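Read the structure below first, then the notes.
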Amino acid sequence: MNAPTPLDRLLLPELDAAQLDALEEEAIFILRETAAAFERPALLFSGGKDSCVVLHLAQKAFKLEGSSKSRLPFPLLHVDTGHNFPEVIAFRDELVAELGEKLVVAHLEDSIARGSVRLASPDESRNGHQSVTLMEAVDEHRFDALIGGARRDEEKARAKERILSHRDSFGQWQPKNQRPELWTLFNTRLKPGEHMRAFPISNWTELDVWLYIQRERIALPSLYYTHRRDVVRRKGLLVPVTDVTPPAANENVESVAVRFRTVGDMTCTCPVESLAADAGGVVAETLLVTISERGATRMDDRTSDASMERRKKEGYF
Amino acid sequence: MGLALRDDEPLPSARRPLRFLTAGSVDDGKSTLIGRLLLDGRAILADQLDALEAKAGGGQPIDLALLTDGLEAEREQGITIDVAYRYFATRERKFIIADAPGHEQYTRNMVTAAAGSDAAVVLVDATKLDLGSMPLDVAAPLDRAAQPLQGVRPQPLQLLPQTRRHALLAQLLRVPHIVFAVNKLDAVADAGTVFARVRAALLAFAAEAGFLPAGIVPISALHGDNVSRPSPLGGYDGPTLLALLEQLPDDDVATRGAALLPVQYVGADAGSGAGHRPRVLWGRVARGEMAIGDALKVFPSGETATVTELHAAGARVASVGAGRSAGVVLDRQLDVSRGDWLAAPDSVAPSARFRATLAWLDTEPAVIGRKYWLRHGNRWLQGRIAAIDSKLDIATLAAHEAHQLGVNEIGEVVVETQQPLPLARFADDRVAGALLVVDPATNRTSGTLLVRDSLAPP
């Protein structure tokens, strides 16, 4: 068993600053490349911490100090499963209004109404179905590049993802046929109907993200920090009790001090026990953590070791 | 005896993350080495370790290689089929591993991993080498092992073709630091003598190939010797592999020279009147340094202007060095767009015909005379291969006459482009000296051109 990382292995502060600067530089470079090379990019924005970081980087990439009124050269796009945490939706709308950016919301409910998404049962997780709604939004708005906050350290299939990753006209990723990526000579050429996924924070780890949130004072939805929440314990996970995830008859509902490490669809996102009240607290906890992000919080990834790869091939983020 | 061959370089106080590729063939223990680095670097988390222990079964040692084998298809085949990126950190530095596949047919992925890496760790499997008859004297001073010894005629040790291929590819792509990790020394008899002979062969090979290894470290990836834990394995008392990587310098000789910046993104004018913001030209400085007051010449228009403002990382700055993105404001409104270059006056000599090394990565062979899309800096243009002069045997460095290049082959070619470009030798400048080749029918990335010399028009 792996021992927890002791706090004395904390990176040196000046080293952190240099490394975060290098990661920021790379991310901003990729954002400008995407804005310049494609005609109709969009930034995937869910209100989750990774997308908040990418949005912050985009502000730095495109807005000069003293001209905050100008807009980003692309809209934000959110795929709303209808099962999002209300705090996150409220945060999303406030932030977008404050920044004056354009937000496009694609509703999974609309895909269900159109018949392009059919749930096997009403309580089935909607997470995997987001790909359909996402591709419908790509077609409707003719987006040719989607900027996402995915990171290579999240999961094994993501570890092989390119910075600019080609998608065919069905939105599919072909892991065996990826374009070689040489220096920053990105192959940005597309055929009609195809699009590119751009991942500016590919090379960041969960710890880097939290160090950056702390350094840049990036605002996040409140459920990323400690709060009391009704949960039930199921297969080693804390499952939040919500309208769409009620407790089973034999389950014991407890109120626990928790925070979320990822914020996704309510039916498949679980919090962890935590007293971290701010980004600094989360950094300290992240250094001590012994469970990887997706393993601790995502019920859908537990289905099989290869479930992320399968979803990605189908057009998932 | 320390083996850090470049330990005379001063250490900077804060270093960038180090991106290194690992190259080795199937069964060289590459995945095990990466697993070991991640485990020792505490990047392996409890649930991942649980999954491995469950696979190994009670009491069995875990298979470190399983930590890095990502995709379903490769788990079936048991080989790594694409570059995978891994992350770990020590107190000294953050590391990004580009895990390059070893199987020969996936050389294109090794090229992908090498392009942009700061260092290459080439694995040498000590158990696969033909050691022949072992002369006794060679175990003596290591440096002398490279020289013929008096009274003994040591069997010259032949490196495996893949070792030469991996190192030469890294050198061809000008990866700044090449480190050899001689693995599985725990599994050979007389590890000291074996390591001395392998080391001598590697030094001789590197000298022939024109580079100085940043280190040659005897390791056991399986047991961890000299990975992060010092060990006398192989009679070695130099830095561990990890200590060596922690100390590799950041600076890159290929970024020195007269200022050059490929324009990546042109910001829109913002506001008007008193609140007017001038147009900003964004790009990453390819080489040299740019400062307020510098005169710059726009390529290809040839117009000149003076820098009045510089922006970097969200703030106004006085100067920006190579490798960093800069927003440049000029004193005059010029017609500049993405793909243009800003250069110190009289520092570039544009050319539309050049000799280059071509690494071909596409399953369809390169066709002489056919038009391809080329990307140079941020400019797309058409070009054609006018001639294929030779094919490089990547295991011996010998050039053979050839008129065709197929997948995973490397050759010397002459290229003609639709318009002149501000080229540089790839050895001097990895931005102005490299081009991407894209098949216009499929949009596949077909290869990369590494510029050798500009040529006069035919």
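Letters A, B, ... mark the chains of the structure tokens in the order given; residue numbers begin at 1 per chain; ligand numbers begin at 1, in order shown.
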
Contacts of Ala434 of chain B at 6 Å (only C-alpha atoms; same-chain gap of 3+ positions) as a PDB file with N, CA and C atoms, in the first residue's frame:
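Final output, result_31.pdb:
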```pdb
ATOM      1  N   ARG B 430      15.028  25.332 -34.010  1.00  0.00           N
ATOM      2  CA  ARG B 430      14.030  24.280 -34.231  1.00  0.00           C
ATOM      3  C   ARG B 430      12.680  24.820 -34.654  1.00  0.00           C
ATOM      4  N   VAL B 431      12.520  26.157 -34.684  1.00  0.00           N
ATOM      5  CA  VAL B 431      11.259  26.710 -35.162  1.00  0.00           C
ATOM      6  C   VAL B 431      11.369  27.031 -36.654  1.00  0.00           C
ATOM      7  N   LEU B 449      10.131  17.850 -42.120  1.00  0.00           N
ATOM      8  CA  LEU B 449      11.356  18.248 -42.814  1.00  0.00           C
ATOM      9  C   LEU B 449      12.246  19.012 -41.856  1.00  0.00           C
ATOM     10  N   LEU B 450      13.501  18.579 -41.739  1.00  0.00           N
ATOM     11  CA  LEU B 450      14.473  19.264 -40.895  1.00  0.00           C
ATOM     12  C   LEU B 450      15.492  19.913 -41.831  1.00  0.00           C
TER      13      LEU B 450
END
```

Residue contacts of Asp186 of chain B (9 Å, only C-alpha atoms) excluding same-chain residues fewer than 5 positions away, as an NGL selection string: :B and (191 or 219-220 or 222-223 or 225 or 233-234)

Long-range neighbours of Leu358 of chain B as an NGL selection string, 6 Å cut-off, only C-alpha atoms, 6 positions minimum in chain: :B and (410-411 or 448-449)

Just N, CA and C atoms for this one: save the residues we selected as a compact mmCIF listing (two decimals), in the first residue's frame.
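The new file out12.txt reads:
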```txt
# COMPACT_ATOMS: atom_id res chain seq x y z
N ILE B 410 13.83 7.57 -43.28
CA ILE B 410 14.40 8.91 -43.17
C ILE B 410 15.39 9.11 -44.30
N GLY B 411 15.31 10.24 -44.98
CA GLY B 411 16.20 10.45 -46.11
C GLY B 411 16.57 11.91 -46.30
N THR B 448 8.01 15.10 -41.47
CA THR B 448 8.58 16.37 -41.04
C THR B 448 9.90 16.60 -41.76
N LEU B 449 10.13 17.85 -42.12
CA LEU B 449 11.36 18.25 -42.81
C LEU B 449 12.25 19.01 -41.86
```

Those of segment 115-317 of chain A in DSSP helix (DSSP H, G or I), formatted as a ChimeraX atom specification: /A:127-141,152-154,158-160,175-177,206-216,222-224,279-288,293-297,300-302,307-313

Computed interatomic separation between atom CA of Ile292 of chain B and atom CA of Gln19 of chain A (Å):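 Between atom CA of Ile292 of chain B and atom CA of Gln19 of chain A the gap is 26.4 Å.
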
Within 8 Å of segment 345-356 of chain B using only C-alpha atoms, minus same-chain residues under 6 positions, as an MDAnalysis selection string: chainID B and resid 258 295:297 304 412:423 449:457

Selection: 9 Å around Gly369 of chain B, only C-alpha atoms, excl. self and same-chain fewer than 3 positions, as a list in words: Gly383, Arg384, Ile385, Ala386 and Ala387 of chain B

Limited to N, CA and C atoms, could you put the picked residues into a file as a PDB file, in the first residue's frame?
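Full text of again_31.pdb as output:
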```
ATOM      1  N   GLY B 383       4.189  22.876 -51.317  1.00  0.00           N
ATOM      2  CA  GLY B 383       5.569  22.600 -51.692  1.00  0.00           C
ATOM      3  C   GLY B 383       5.645  21.207 -52.283  1.00  0.00           C
ATOM      4  N   ARG B 384       6.765  20.933 -52.901  1.00  0.00           N
ATOM      5  CA  ARG B 384       6.941  19.587 -53.446  1.00  0.00           C
ATOM      6  C   ARG B 384       8.357  19.083 -53.185  1.00  0.00           C
ATOM      7  N   ILE B 385       8.465  17.760 -53.145  1.00  0.00           N
ATOM      8  CA  ILE B 385       9.779  17.136 -53.024  1.00  0.00           C
ATOM      9  C   ILE B 385      10.339  17.067 -54.439  1.00  0.00           C
ATOM     10  N   ALA B 386      11.414  17.834 -54.680  1.00  0.00           N
ATOM     11  CA  ALA B 386      11.977  17.868 -56.033  1.00  0.00           C
ATOM     12  C   ALA B 386      12.854  16.645 -56.282  1.00  0.00           C
ATOM     13  N   ALA B 387      13.495  16.156 -55.237  1.00  0.00           N
ATOM     14  CA  ALA B 387      14.378  15.000 -55.413  1.00  0.00           C
ATOM     15  C   ALA B 387      14.575  14.299 -54.082  1.00  0.00           C
TER      16      ALA B 387
END
```

Near-segment 211-222 of chain A list (9 Å; only C-alpha atoms; drop same-chain fewer than 5 positions) as a PDB file with N, CA and C atoms, in the first residue's frame:
```
ATOM      1  N   ASP A  16       7.419  25.995  -7.632  1.00  0.00           N
ATOM      2  CA  ASP A  16       6.014  25.986  -8.032  1.00  0.00           C
ATOM      3  C   ASP A  16       5.717  27.139  -8.969  1.00  0.00           C
ATOM      4  N   ALA A  17       6.225  28.337  -8.625  1.00  0.00           N
ATOM      5  CA  ALA A  17       5.927  29.511  -9.431  1.00  0.00           C
ATOM      6  C   ALA A  17       6.473  29.333 -10.843  1.00  0.00           C
ATOM      7  N   LEU A  20       4.372  26.644 -12.681  1.00  0.00           N
ATOM      8  CA  LEU A  20       3.039  27.127 -13.044  1.00  0.00           C
ATOM      9  C   LEU A  20       3.133  28.123 -14.188  1.00  0.00           C
ATOM     10  N   GLU A  24       1.186  27.752 -17.645  1.00  0.00           N
ATOM     11  CA  GLU A  24       0.301  28.835 -18.091  1.00  0.00           C
ATOM     12  C   GLU A  24       0.685  29.282 -19.506  1.00  0.00           C
ATOM     13  N   GLY A  47     -18.666  25.067 -15.548  1.00  0.00           N
ATOM     14  CA  GLY A  47     -18.612  25.573 -14.172  1.00  0.00           C
ATOM     15  C   GLY A  47     -17.714  24.711 -13.303  1.00  0.00           C
ATOM     16  N   GLY A  48     -17.232  23.604 -13.833  1.00  0.00           N
ATOM     17  CA  GLY A  48     -16.291  22.750 -13.095  1.00  0.00           C
ATOM     18  C   GLY A  48     -14.938  23.432 -12.997  1.00  0.00           C
ATOM     19  N   LYS A  49     -14.085  22.941 -12.078  1.00  0.00           N
ATOM     20  CA  LYS A  49     -12.843  23.670 -11.790  1.00  0.00           C
ATOM     21  C   LYS A  49     -11.919  23.730 -12.991  1.00  0.00           C
ATOM     22  N   CYS A  52     -13.177  26.281 -15.333  1.00  0.00           N
ATOM     23  CA  CYS A  52     -12.965  27.625 -14.766  1.00  0.00           C
ATOM     24  C   CYS A  52     -11.515  28.066 -14.980  1.00  0.00           C
ATOM     25  N   VAL A  53     -10.575  27.123 -14.844  1.00  0.00           N
ATOM     26  CA  VAL A  53      -9.168  27.445 -15.073  1.00  0.00           C
ATOM     27  C   VAL A  53      -8.949  27.800 -16.544  1.00  0.00           C
ATOM     28  N   HIS A  56     -10.272  31.212 -17.237  1.00  0.00           N
ATOM     29  CA  HIS A  56      -9.351  32.221 -16.680  1.00  0.00           C
ATOM     30  C   HIS A  56      -8.149  32.415 -17.615  1.00  0.00           C
ATOM     31  N   GLU A  87     -26.181  24.753  -7.586  1.00  0.00           N
ATOM     32  CA  GLU A  87     -25.155  25.752  -7.242  1.00  0.00           C
ATOM     33  C   GLU A  87     -24.238  26.018  -8.430  1.00  0.00           C
ATOM     34  N   VAL A  88     -23.987  24.959  -9.209  1.00  0.00           N
ATOM     35  CA  VAL A  88     -23.041  25.088 -10.318  1.00  0.00           C
ATOM     36  C   VAL A  88     -23.674  25.886 -11.462  1.00  0.00           C
ATOM     37  N   ILE A  89     -24.952  25.622 -11.724  1.00  0.00           N
ATOM     38  CA  ILE A  89     -25.638  26.364 -12.786  1.00  0.00           C
ATOM     39  C   ILE A  89     -25.731  27.848 -12.416  1.00  0.00           C
ATOM     40  N   ALA A  90     -26.038  28.122 -11.140  1.00  0.00           N
ATOM     41  CA  ALA A  90     -26.135  29.520 -10.693  1.00  0.00           C
ATOM     42  C   ALA A  90     -24.772  30.204 -10.828  1.00  0.00           C
ATOM     43  N   PHE A  91     -23.714  29.490 -10.451  1.00  0.00           N
ATOM     44  CA  PHE A  91     -22.356  30.038 -10.559  1.00  0.00           C
ATOM     45  C   PHE A  91     -22.022  30.329 -12.021  1.00  0.00           C
ATOM     46  N   ARG A  92     -22.330  29.360 -12.894  1.00  0.00           N
ATOM     47  CA  ARG A  92     -22.058  29.503 -14.323  1.00  0.00           C
ATOM     48  C   ARG A  92     -22.703  30.785 -14.863  1.00  0.00           C
ATOM     49  N   LEU A  95     -21.117  34.082 -13.467  1.00  0.00           N
ATOM     50  CA  LEU A  95     -19.783  34.357 -13.998  1.00  0.00           C
ATOM     51  C   LEU A  95     -19.861  34.836 -15.448  1.00  0.00           C
ATOM     52  N   GLU A 206      -3.795  17.398 -11.180  1.00  0.00           N
ATOM     53  CA  GLU A 206      -4.803  17.940 -10.273  1.00  0.00           C
ATOM     54  C   GLU A 206      -4.164  18.944  -9.305  1.00  0.00           C
ATOM     55  N   HIS A 227     -18.567  21.646   2.957  1.00  0.00           N
ATOM     56  CA  HIS A 227     -19.935  21.981   3.331  1.00  0.00           C
ATOM     57  C   HIS A 227     -20.588  20.695   3.844  1.00  0.00           C
ATOM     58  N   ARG A 259     -16.423  17.857   0.289  1.00  0.00           N
ATOM     59  CA  ARG A 259     -16.265  18.735  -0.878  1.00  0.00           C
ATOM     60  C   ARG A 259     -16.226  17.847  -2.114  1.00  0.00           C
ATOM     61  N   ASP A 278     -10.804  26.453   1.540  1.00  0.00           N
ATOM     62  CA  ASP A 278     -10.327  27.304   0.449  1.00  0.00           C
ATOM     63  C   ASP A 278      -9.317  26.521  -0.390  1.00  0.00           C
ATOM     64  N   ALA A 279      -8.803  27.177  -1.444  1.00  0.00           N
ATOM     65  CA  ALA A 279      -7.902  26.467  -2.358  1.00  0.00           C
ATOM     66  C   ALA A 279      -6.645  25.982  -1.636  1.00  0.00           C
ATOM     67  N   GLY A 280      -6.146  26.776  -0.690  1.00  0.00           N
ATOM     68  CA  GLY A 280      -4.963  26.361   0.072  1.00  0.00           C
ATOM     69  C   GLY A 280      -5.223  25.075   0.838  1.00  0.00           C
ATOM     70  N   VAL A 282      -7.354  22.794  -0.008  1.00  0.00           N
ATOM     71  CA  VAL A 282      -7.454  21.708  -0.984  1.00  0.00           C
ATOM     72  C   VAL A 282      -6.048  21.289  -1.440  1.00  0.00           C
ATOM     73  N   VAL A 283      -5.144  22.259  -1.622  1.00  0.00           N
ATOM     74  CA  VAL A 283      -3.763  21.927  -2.007  1.00  0.00           C
ATOM     75  C   VAL A 283      -3.150  21.002  -0.955  1.00  0.00           C
TER      76      VAL A 283
END
```

Spatial neighbours of Ala98 of chain B, 6 Å, only C-alpha atoms, chain gap at least 5 places, as a PyMOL selection string: chain B and resi 20-21+84-85+113

DSSP strand (DSSP E or B) residues within segment 121-195 of chain A, as a PyMOL selection string: chain A and resi 145-147+164-167+195

What does the file look like for those residues with N, CA and C atoms, as a PDB file, in the first residue's frame?
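The result, written out as again.pdb:
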```pdb
ATOM      1  N   ALA A 145     -13.932  23.646 -33.671  1.00  0.00           N
ATOM      2  CA  ALA A 145     -12.948  23.327 -32.626  1.00  0.00           C
ATOM      3  C   ALA A 145     -13.628  23.482 -31.271  1.00  0.00           C
ATOM      4  N   LEU A 146     -13.439  22.505 -30.401  1.00  0.00           N
ATOM      5  CA  LEU A 146     -13.982  22.573 -29.047  1.00  0.00           C
ATOM      6  C   LEU A 146     -12.815  22.547 -28.071  1.00  0.00           C
ATOM      7  N   ILE A 147     -12.737  23.590 -27.252  1.00  0.00           N
ATOM      8  CA  ILE A 147     -11.656  23.698 -26.278  1.00  0.00           C
ATOM      9  C   ILE A 147     -12.136  23.084 -24.972  1.00  0.00           C
ATOM     10  N   LEU A 164      -3.995  18.885 -29.759  1.00  0.00           N
ATOM     11  CA  LEU A 164      -5.075  19.110 -30.717  1.00  0.00           C
ATOM     12  C   LEU A 164      -5.452  17.737 -31.259  1.00  0.00           C
ATOM     13  N   SER A 165      -6.669  17.334 -30.992  1.00  0.00           N
ATOM     14  CA  SER A 165      -7.065  15.958 -31.261  1.00  0.00           C
ATOM     15  C   SER A 165      -8.186  15.941 -32.286  1.00  0.00           C
ATOM     16  N   HIS A 166      -7.930  15.225 -33.372  1.00  0.00           N
ATOM     17  CA  HIS A 166      -8.847  15.234 -34.509  1.00  0.00           C
ATOM     18  C   HIS A 166     -10.078  14.374 -34.237  1.00  0.00           C
ATOM     19  N   ARG A 167     -11.250  14.859 -34.663  1.00  0.00           N
ATOM     20  CA  ARG A 167     -12.489  14.093 -34.568  1.00  0.00           C
ATOM     21  C   ARG A 167     -13.118  13.993 -35.955  1.00  0.00           C
ATOM     22  N   HIS A 195     -14.142  18.072 -36.772  1.00  0.00           N
ATOM     23  CA  HIS A 195     -13.726  19.143 -35.878  1.00  0.00           C
ATOM     24  C   HIS A 195     -12.527  18.691 -35.053  1.00  0.00           C
TER      25      HIS A 195
END
```

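Note that the spacing between atom CA of Arg234 of chain A and atom CA of Val253 of chain A amounts to 10.9 Å.
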
Residue nearest Leu374 of chain B - candidates A:Glu98, A:Pro122, A:Asn84, A:Thr188, atoms counted: only C-alpha atoms: A:Thr188

Minimum-distance residue to chain A, chosen among B:Gly116, B:Gly35, B:Pro262, B:Pro230 (using only C-alpha atoms): B:Gly116

Between atom CA of Ser46 of chain A and atom CA of Leu103 of chain A - distance in Å to one decimal: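 So the answer is 10.5 Å.
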
Among listed residues A:Met266, A:Asp21, A:Asn187, A:Lys160, nearest Pro175 of chain A (using only C-alpha atoms):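 For Pro175 of chain A, the nearest of the given residues is A:Lys160.
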
Residue among B:Phe95, B:Phe205, B:Tyr265, B:Trp341 lying closest to chain A, counting only C-alpha atoms: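 Closest residue, counting only C-alpha atoms: B:Tyr265.
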